[in-house]
Amino acid sequence: MPVNPKRRHHKSWWKTLVERRGWGYPDALKIQGSVFLNVIPVLAFITAWATLLTVLYMIVGITSLAVSSNLTASVAVVVALLLAFRTNNSYNQYNEGRRLFTSMCTIVRNCTRTLWIGGKEKNSSDRLEKEDNIKLLLAYVIAVKHHIRYEFGIHWPDLKDLLPDGFQKTYYEGSAVQQDTGDDTSLLSQLPIRTISSKIPPTMYKSKVSKYSKEKKRKLYNVEELSEVDASMSLPLEIVFHLNLYFVQLHKEQKLEPAKFGSLANGLDALIEILGSLERIGSTPLPTAYNVHLKQACVLYMLALPFTILADLDWFTIPTMALVAFIFFGILAVGSEIENPFGYDDNDLPLDEYCKDLEAEVKYLQRHLPSGLASSKK
């Protein structure tokens with residue numbers, strides 16, 4: 001019996017066949033989201049090479065081009081193992097990225113619930129301050145999303161309404177500049193805020209920016225060289241810093257029970273740990289030596305393979321080589337595609353959608369669920 005009998009209805013045999021994707025359709029015919037376009041250049045090169053050898057063998061009559069298949073048999077096993085390791089390593093990073101981002105959202109949900117219900121409110125100011133800091137919890141997730149995409153600064157549309165007035169008035173021009181925060185006397189405006197939250201972290205500069213030309217560095221980041229390490233902190237870490245101070249203040253004013261304060265503090269520790277793990281995934285690609293050697297091995301194998309199949313396949317050597325090259329270099333392209341799952345490609349994780357789901361939950365909590373105001377009145 002189905003879980004929901006109301007949803008059971010008869011379908012035509014063709015619609016049923018199309019929706020059962022296990023046999024290949026329509027995925028086998030899709031171009032968007034596949035790596036077909038990525039492998040076209042090398043596929044064309046290998047096919048042209050196979051065509052040249054086949055013409056020399058079949059028309060010109062250079063029969064010495066055909067050699068024993070033992071030449072590539074043992075190499076094929078080694079190349080296959082290298083490809084398997086490449087793909088597995090990339091998928092592990094993809095899967096771990098999804099797991100870590102889900103864990104971060106779960107921790108923010110728990111901290112939001114604990115703060116919303118456990119934080120006592122004595123007046124309307126306490127309520128507004130609690131709402132601001134719950135928005136900061138949501139802002140942390142969104143800031144992490146931008147951080148692992150190398151999108152620095154605070155001027156992003158999805159952060160616009162989440163960072164409270166007086167939090168940090170910065171703009172990104174290679175470094176951040178603290179501007180006038182006005183006469184705001186709230187807790188957030190009184191905190192000792194550092195002034196370079198959106199500066200490029202040195203590790204990210206080395207892995208992401210240093211390989212660009214001076215012109216591209218100036219265009220993208222308005223910076224040419226990172227001559228020395230300056231005071232720097234990422235936006236997610238600064239948000240955690242403010243949240244921690246707020247939780248400490250609630251605890252000192254006896255507006256937050258010790259057990260709930262410990263739970264929130266542990267949650268912040270876990271958020272920082274997840275940030276570090278996400279940074280590791282985003283800034284740790286496959287080692288260059290392994291990546292280069294793997295591609296060289298695949299190309300050399302593809303160049304040598306036609307010699308071993310010419311005598312048996314004749315003209316069919318050309319389509320056979322095109323097929324084998326598509327499979328081999330397609331696997332390589334898949335590994336590169338999913339190695340860093342935090343971008344905007346079709347195969348990347350939908351981080352924007354995860355953040356929107358979390359934002360909807362926070363809005364629902366603030367509009368419809370009771371807060372700690374009732375407990376403080378008792």
# chains A, B, ... in the order shown; residues from 1 in each chain; ligands from 1

$ residues_around --residues "Ser371 (chain A)" --least-positions-apart "5" --cutoff "8 Å" --atoms "only C-alpha atoms" --output "number ranges by chain"
A: 116-119

$ write_last_selection --atoms "N, CA and C atoms" --output "CSV table (one decimal), in the first residue's frame"
chain,number,residue,atom,x,y,z
A,116,TRP,N,15.8,31.8,21.1
A,116,TRP,CA,14.4,32.3,21.0
A,116,TRP,C,13.6,32.0,22.2
A,117,ILE,N,13.7,30.7,22.7
A,117,ILE,CA,12.9,30.3,23.8
A,117,ILE,C,13.6,30.5,25.1
A,118,GLY,N,14.9,30.3,25.2
A,118,GLY,CA,15.6,30.4,26.5
A,118,GLY,C,16.0,31.7,26.9
A,119,GLY,N,16.2,32.7,25.9
A,119,GLY,CA,16.6,34.0,26.2
A,119,GLY,C,15.4,34.8,26.8

$ residues_around --residues "region 124-134 of chain A" --least-positions-apart "2" --cutoff "10 Å" --atoms "only C-alpha atoms" --output "PDB file with N, CA and C atoms, in the first residue's frame"
ATOM      1  N   VAL A 108      22.658  25.978  13.486  1.00  0.00           N
ATOM      2  CA  VAL A 108      22.007  27.293  13.527  1.00  0.00           C
ATOM      3  C   VAL A 108      20.545  27.149  13.923  1.00  0.00           C
ATOM      4  N   ARG A 109      19.865  26.108  13.444  1.00  0.00           N
ATOM      5  CA  ARG A 109      18.475  25.860  13.859  1.00  0.00           C
ATOM      6  C   ARG A 109      18.395  25.647  15.377  1.00  0.00           C
ATOM      7  N   CYS A 111      20.593  26.576  17.710  1.00  0.00           N
ATOM      8  CA  CYS A 111      20.938  27.808  18.434  1.00  0.00           C
ATOM      9  C   CYS A 111      19.800  28.820  18.364  1.00  0.00           C
ATOM     10  N   THR A 112      19.147  28.902  17.224  1.00  0.00           N
ATOM     11  CA  THR A 112      18.016  29.823  17.085  1.00  0.00           C
ATOM     12  C   THR A 112      16.886  29.439  18.028  1.00  0.00           C
ATOM     13  N   ARG A 113      16.568  28.163  18.073  1.00  0.00           N
ATOM     14  CA  ARG A 113      15.504  27.697  18.979  1.00  0.00           C
ATOM     15  C   ARG A 113      15.874  27.949  20.437  1.00  0.00           C
ATOM     16  N   LEU A 115      17.977  30.136  21.716  1.00  0.00           N
ATOM     17  CA  LEU A 115      17.999  31.561  22.029  1.00  0.00           C
ATOM     18  C   LEU A 115      16.600  32.152  22.047  1.00  0.00           C
ATOM     19  N   TRP A 116      15.757  31.754  21.098  1.00  0.00           N
ATOM     20  CA  TRP A 116      14.416  32.322  20.999  1.00  0.00           C
ATOM     21  C   TRP A 116      13.560  31.951  22.207  1.00  0.00           C
ATOM     22  N   GLY A 119      16.175  32.662  25.891  1.00  0.00           N
ATOM     23  CA  GLY A 119      16.587  34.015  26.223  1.00  0.00           C
ATOM     24  C   GLY A 119      15.433  34.837  26.783  1.00  0.00           C
ATOM     25  N   LYS A 120      15.551  35.282  28.012  1.00  0.00           N
ATOM     26  CA  LYS A 120      14.461  36.019  28.665  1.00  0.00           C
ATOM     27  C   LYS A 120      14.426  37.466  28.188  1.00  0.00           C
ATOM     28  N   GLU A 121      13.211  37.977  28.064  1.00  0.00           N
ATOM     29  CA  GLU A 121      13.003  39.350  27.603  1.00  0.00           C
ATOM     30  C   GLU A 121      12.317  40.153  28.711  1.00  0.00           C
ATOM     31  N   LYS A 122      12.959  41.227  29.139  1.00  0.00           N
ATOM     32  CA  LYS A 122      12.382  42.069  30.182  1.00  0.00           C
ATOM     33  C   LYS A 122      11.712  43.306  29.623  1.00  0.00           C
ATOM     34  N   LEU A 136      21.693  37.430  12.962  1.00  0.00           N
ATOM     35  CA  LEU A 136      23.131  37.210  12.813  1.00  0.00           C
ATOM     36  C   LEU A 136      23.446  35.725  12.645  1.00  0.00           C
ATOM     37  N   LEU A 137      22.695  34.862  13.316  1.00  0.00           N
ATOM     38  CA  LEU A 137      22.900  33.424  13.136  1.00  0.00           C
ATOM     39  C   LEU A 137      22.633  33.030  11.683  1.00  0.00           C
ATOM     40  N   LEU A 138      21.552  33.570  11.132  1.00  0.00           N
ATOM     41  CA  LEU A 138      21.265  33.317   9.722  1.00  0.00           C
ATOM     42  C   LEU A 138      22.320  33.957   8.834  1.00  0.00           C
ATOM     43  N   ALA A 139      22.750  35.163   9.209  1.00  0.00           N
ATOM     44  CA  ALA A 139      23.783  35.851   8.419  1.00  0.00           C
ATOM     45  C   ALA A 139      25.079  35.060   8.412  1.00  0.00           C
ATOM     46  N   TYR A 140      25.345  34.316   9.485  1.00  0.00           N
ATOM     47  CA  TYR A 140      26.570  33.521   9.523  1.00  0.00           C
ATOM     48  C   TYR A 140      26.582  32.493   8.392  1.00  0.00           C
ATOM     49  N   ASP A 161      19.661  42.822   4.838  1.00  0.00           N
ATOM     50  CA  ASP A 161      18.715  43.037   5.938  1.00  0.00           C
ATOM     51  C   ASP A 161      19.042  42.196   7.174  1.00  0.00           C
ATOM     52  N   LEU A 162      20.178  41.531   7.172  1.00  0.00           N
ATOM     53  CA  LEU A 162      20.498  40.640   8.286  1.00  0.00           C
ATOM     54  C   LEU A 162      21.531  41.221   9.237  1.00  0.00           C
ATOM     55  N   LEU A 163      22.427  42.051   8.736  1.00  0.00           N
ATOM     56  CA  LEU A 163      23.429  42.666   9.603  1.00  0.00           C
ATOM     57  C   LEU A 163      22.836  43.924  10.219  1.00  0.00           C
ATOM     58  N   PRO A 164      22.722  43.996  11.545  1.00  0.00           N
ATOM     59  CA  PRO A 164      22.076  45.138  12.193  1.00  0.00           C
ATOM     60  C   PRO A 164      22.838  46.438  11.960  1.00  0.00           C
ATOM     61  N   ASP A 165      22.122  47.543  12.084  1.00  0.00           N
ATOM     62  CA  ASP A 165      22.758  48.863  11.991  1.00  0.00           C
ATOM     63  C   ASP A 165      23.821  48.989  13.077  1.00  0.00           C
ATOM     64  N   SER A 186      23.403  50.710  20.852  1.00  0.00           N
ATOM     65  CA  SER A 186      23.116  49.308  21.117  1.00  0.00           C
ATOM     66  C   SER A 186      24.408  48.564  21.447  1.00  0.00           C
ATOM     67  N   LEU A 187      24.241  47.350  21.928  1.00  0.00           N
ATOM     68  CA  LEU A 187      25.394  46.536  22.295  1.00  0.00           C
ATOM     69  C   LEU A 187      26.338  46.353  21.111  1.00  0.00           C
ATOM     70  N   LEU A 188      25.768  46.095  19.943  1.00  0.00           N
ATOM     71  CA  LEU A 188      26.601  45.799  18.777  1.00  0.00           C
ATOM     72  C   LEU A 188      27.484  46.972  18.405  1.00  0.00           C
ATOM     73  N   ILE A 239      31.168  37.534  12.859  1.00  0.00           N
ATOM     74  CA  ILE A 239      29.791  37.333  13.308  1.00  0.00           C
ATOM     75  C   ILE A 239      29.764  36.440  14.549  1.00  0.00           C
ATOM     76  N   HIS A 242      30.709  38.465  17.618  1.00  0.00           N
ATOM     77  CA  HIS A 242      29.614  39.290  18.144  1.00  0.00           C
ATOM     78  C   HIS A 242      28.566  38.431  18.857  1.00  0.00           C
ATOM     79  N   LEU A 243      28.246  37.287  18.287  1.00  0.00           N
ATOM     80  CA  LEU A 243      27.262  36.408  18.913  1.00  0.00           C
ATOM     81  C   LEU A 243      27.758  35.925  20.284  1.00  0.00           C
ATOM     82  N   TYR A 246      27.334  38.597  22.831  1.00  0.00           N
ATOM     83  CA  TYR A 246      25.918  38.756  23.176  1.00  0.00           C
ATOM     84  C   TYR A 246      25.478  37.655  24.134  1.00  0.00           C
ATOM     85  N   PHE A 247      25.874  36.422  23.875  1.00  0.00           N
ATOM     86  CA  PHE A 247      25.506  35.321  24.768  1.00  0.00           C
ATOM     87  C   PHE A 247      26.112  35.514  26.152  1.00  0.00           C
ATOM     88  N   LEU A 250      24.011  38.090  28.001  1.00  0.00           N
ATOM     89  CA  LEU A 250      22.755  37.518  28.494  1.00  0.00           C
ATOM     90  C   LEU A 250      22.995  36.671  29.747  1.00  0.00           C
ATOM     91  N   LYS A 255      19.725  36.426  32.034  1.00  0.00           N
ATOM     92  CA  LYS A 255      18.643  36.280  31.056  1.00  0.00           C
ATOM     93  C   LYS A 255      18.774  34.976  30.278  1.00  0.00           C
ATOM     94  N   VAL A 362      13.564  30.864   9.900  1.00  0.00           N
ATOM     95  CA  VAL A 362      13.800  31.912  10.890  1.00  0.00           C
ATOM     96  C   VAL A 362      12.659  32.928  10.887  1.00  0.00           C
ATOM     97  N   LYS A 363      12.189  33.301   9.714  1.00  0.00           N
ATOM     98  CA  LYS A 363      11.073  34.252   9.626  1.00  0.00           C
ATOM     99  C   LYS A 363       9.810  33.669  10.252  1.00  0.00           C
ATOM    100  N   GLN A 366      10.079  33.815  14.093  1.00  0.00           N
ATOM    101  CA  GLN A 366       9.912  35.148  14.661  1.00  0.00           C
ATOM    102  C   GLN A 366       8.472  35.630  14.571  1.00  0.00           C
ATOM    103  N   SER A 371       8.188  33.380  22.152  1.00  0.00           N
ATOM    104  CA  SER A 371       9.593  33.556  22.545  1.00  0.00           C
ATOM    105  C   SER A 371       9.736  33.448  24.054  1.00  0.00           C
ATOM    106  N   GLY A 372      10.880  33.893  24.566  1.00  0.00           N
ATOM    107  CA  GLY A 372      11.136  33.821  25.993  1.00  0.00           C
ATOM    108  C   GLY A 372      10.459  34.904  26.793  1.00  0.00           C
ATOM    109  N   LEU A 373       9.595  35.683  26.156  1.00  0.00           N
ATOM    110  CA  LEU A 373       8.931  36.779  26.876  1.00  0.00           C
ATOM    111  C   LEU A 373       8.001  36.230  27.951  1.00  0.00           C
TER     112      LEU A 373
END

$ atom_distance --atom1 "CA of Tyr290 (chain A)" --atom2 "CA of Val35 (chain A)"
21.0 Å

$ closest_residue --among "A:Gly282, A:Val144, A:Ser64, A:Asn70" --to "Leu305 (chain A)" --atoms "only C-alpha atoms"
A:Asn70

$ closest_residue --among "A:Leu310, A:Leu286, A:Met321, A:Leu303" --to "Glu339 (chain A)" --atoms "only C-alpha atoms"
A:Leu286

$ closest_residue --among "A:Ser69, A:Tyr150, A:Ala333, A:Leu275" --to "Leu37 (chain A)" --atoms "only C-alpha atoms"
A:Ala333

$ closest_residue --among "A:Leu351, A:Val299, A:Glu253, A:Ile281" --to "Ala325 (chain A)" --atoms "only C-alpha atoms"
A:Val299

$ residues_around --residues "region 71-88 of chain A" --least-positions-apart "4" --cutoff "10 Å" --atoms "only C-alpha atoms" --output "PyMOL selection string"
chain A and resi 67+92-94+286+290-291+293-295+297-298+301-302+304-308+328-329+331-339

$ write_last_selection --atoms "N, CA, C and O atoms" --output "short mmCIF file (atom, residue, chain, number, x, y, z; two decimals), in the first residue's frame"
data_model
loop_
_atom_site.label_atom_id
_atom_site.label_comp_id
_atom_site.auth_asym_id
_atom_site.auth_seq_id
_atom_site.Cartn_x
_atom_site.Cartn_y
_atom_site.Cartn_z
N VAL A 67 50.84 -2.72 -33.95
CA VAL A 67 51.72 -3.38 -32.99
C VAL A 67 50.88 -4.26 -32.07
O VAL A 67 49.64 -4.25 -32.11
N ASN A 92 34.17 12.48 -2.75
CA ASN A 92 34.25 12.57 -1.28
C ASN A 92 34.21 14.03 -0.83
O ASN A 92 33.58 14.36 0.18
N GLN A 93 34.91 14.91 -1.57
CA GLN A 93 34.87 16.33 -1.22
C GLN A 93 33.47 16.91 -1.44
O GLN A 93 32.98 17.70 -0.64
N TYR A 94 32.83 16.51 -2.54
CA TYR A 94 31.47 16.96 -2.82
C TYR A 94 30.51 16.52 -1.72
O TYR A 94 29.73 17.32 -1.19
N LEU A 286 43.19 18.77 -5.86
CA LEU A 286 44.10 17.65 -6.06
C LEU A 286 45.51 18.19 -6.29
O LEU A 286 45.68 19.17 -7.01
N TYR A 290 50.01 15.27 -9.09
CA TYR A 290 49.12 14.14 -9.40
C TYR A 290 48.21 14.49 -10.57
O TYR A 290 48.00 13.67 -11.47
N ASN A 291 47.64 15.69 -10.53
CA ASN A 291 46.71 16.10 -11.58
C ASN A 291 47.39 16.13 -12.94
O ASN A 291 46.86 15.63 -13.94
N HIS A 293 50.25 14.61 -13.88
CA HIS A 293 50.69 13.28 -14.29
C HIS A 293 49.51 12.43 -14.79
O HIS A 293 49.65 11.67 -15.77
N LEU A 294 48.37 12.55 -14.14
CA LEU A 294 47.20 11.79 -14.56
C LEU A 294 46.77 12.18 -15.97
O LEU A 294 46.48 11.32 -16.81
N LYS A 295 46.72 13.47 -16.24
CA LYS A 295 46.33 13.92 -17.58
C LYS A 295 47.37 13.51 -18.63
O LYS A 295 47.01 13.12 -19.75
N ALA A 297 49.30 10.89 -18.46
CA ALA A 297 49.17 9.44 -18.64
C ALA A 297 47.98 9.11 -19.53
O ALA A 297 48.07 8.23 -20.40
N CYS A 298 46.85 9.82 -19.34
CA CYS A 298 45.67 9.58 -20.17
C CYS A 298 45.94 9.95 -21.63
O CYS A 298 45.55 9.20 -22.55
N TYR A 301 48.30 7.41 -23.20
CA TYR A 301 47.59 6.15 -23.42
C TYR A 301 46.69 6.25 -24.65
O TYR A 301 46.63 5.32 -25.47
N MET A 302 46.00 7.36 -24.78
CA MET A 302 45.12 7.55 -25.94
C MET A 302 45.92 7.64 -27.25
O MET A 302 45.46 7.18 -28.29
N ALA A 304 48.75 6.08 -27.81
CA ALA A 304 49.33 4.77 -28.11
C ALA A 304 48.29 3.72 -28.45
O ALA A 304 48.60 2.75 -29.17
N LEU A 305 47.06 3.88 -27.97
CA LEU A 305 46.04 2.85 -28.15
C LEU A 305 45.72 2.55 -29.61
O LEU A 305 45.53 1.37 -29.95
N PRO A 306 45.62 3.52 -30.51
CA PRO A 306 45.28 3.19 -31.91
C PRO A 306 46.24 2.20 -32.55
O PRO A 306 45.83 1.39 -33.39
N PHE A 307 47.51 2.25 -32.19
CA PHE A 307 48.49 1.34 -32.78
C PHE A 307 48.15 -0.13 -32.48
O PHE A 307 48.48 -1.01 -33.27
N THR A 308 47.50 -0.37 -31.35
CA THR A 308 47.24 -1.75 -30.94
C THR A 308 45.92 -2.30 -31.47
O THR A 308 45.68 -3.50 -31.36
N PHE A 328 37.20 8.21 -21.07
CA PHE A 328 38.36 8.51 -20.22
C PHE A 328 38.38 9.97 -19.80
O PHE A 328 38.45 10.29 -18.61
N PHE A 329 38.33 10.86 -20.78
CA PHE A 329 38.44 12.29 -20.44
C PHE A 329 37.16 12.82 -19.83
O PHE A 329 37.18 13.84 -19.13
N ILE A 331 35.52 11.14 -17.50
CA ILE A 331 35.74 10.86 -16.07
C ILE A 331 36.66 11.90 -15.45
O ILE A 331 36.43 12.38 -14.32
N LEU A 332 37.71 12.28 -16.18
CA LEU A 332 38.60 13.33 -15.68
C LEU A 332 37.84 14.64 -15.47
O LEU A 332 38.02 15.33 -14.48
N ALA A 333 36.99 14.98 -16.45
CA ALA A 333 36.24 16.23 -16.37
C ALA A 333 35.24 16.21 -15.23
O ALA A 333 35.02 17.23 -14.56
N VAL A 334 34.63 15.06 -14.98
CA VAL A 334 33.68 14.95 -13.86
C VAL A 334 34.40 15.19 -12.54
O VAL A 334 33.89 15.90 -11.65
N GLY A 335 35.60 14.62 -12.39
CA GLY A 335 36.37 14.84 -11.17
C GLY A 335 36.68 16.31 -10.94
O GLY A 335 36.56 16.81 -9.82
N SER A 336 37.07 17.01 -12.01
CA SER A 336 37.35 18.44 -11.88
C SER A 336 36.09 19.24 -11.61
O SER A 336 36.11 20.24 -10.89
N GLU A 337 34.96 18.79 -12.16
CA GLU A 337 33.69 19.53 -12.03
C GLU A 337 33.17 19.52 -10.60
O GLU A 337 32.65 20.52 -10.12
N ILE A 338 33.29 18.40 -9.92
CA ILE A 338 32.68 18.27 -8.58
C ILE A 338 33.69 18.42 -7.46
O ILE A 338 33.33 18.30 -6.28
N GLU A 339 34.95 18.71 -7.80
CA GLU A 339 35.99 18.80 -6.77
C GLU A 339 35.72 19.93 -5.79
O GLU A 339 35.89 19.77 -4.58
#

$ atom_distance --atom1 "CA of Glu96 (chain A)" --atom2 "CA of Gly276 (chain A)"
12.7 Å

$ atom_distance --atom1 "CA of Arg149 (chain A)" --atom2 "CA of Phe342 (chain A)"
6.2 Å

$ closest_residue --among "A:His368, A:Pro236, A:Phe326, A:Ala66" --to "Glu279 (chain A)" --atoms "only C-alpha atoms"
A:Pro236

$ select_by_dssp --residues "region 8-175 of chain A" --states "helix (DSSP H, G or I)" --output "PyMOL selection string"
chain A and resi 13-19+21-23+27-29+36-60+63-65+70-118+124-148+157-159
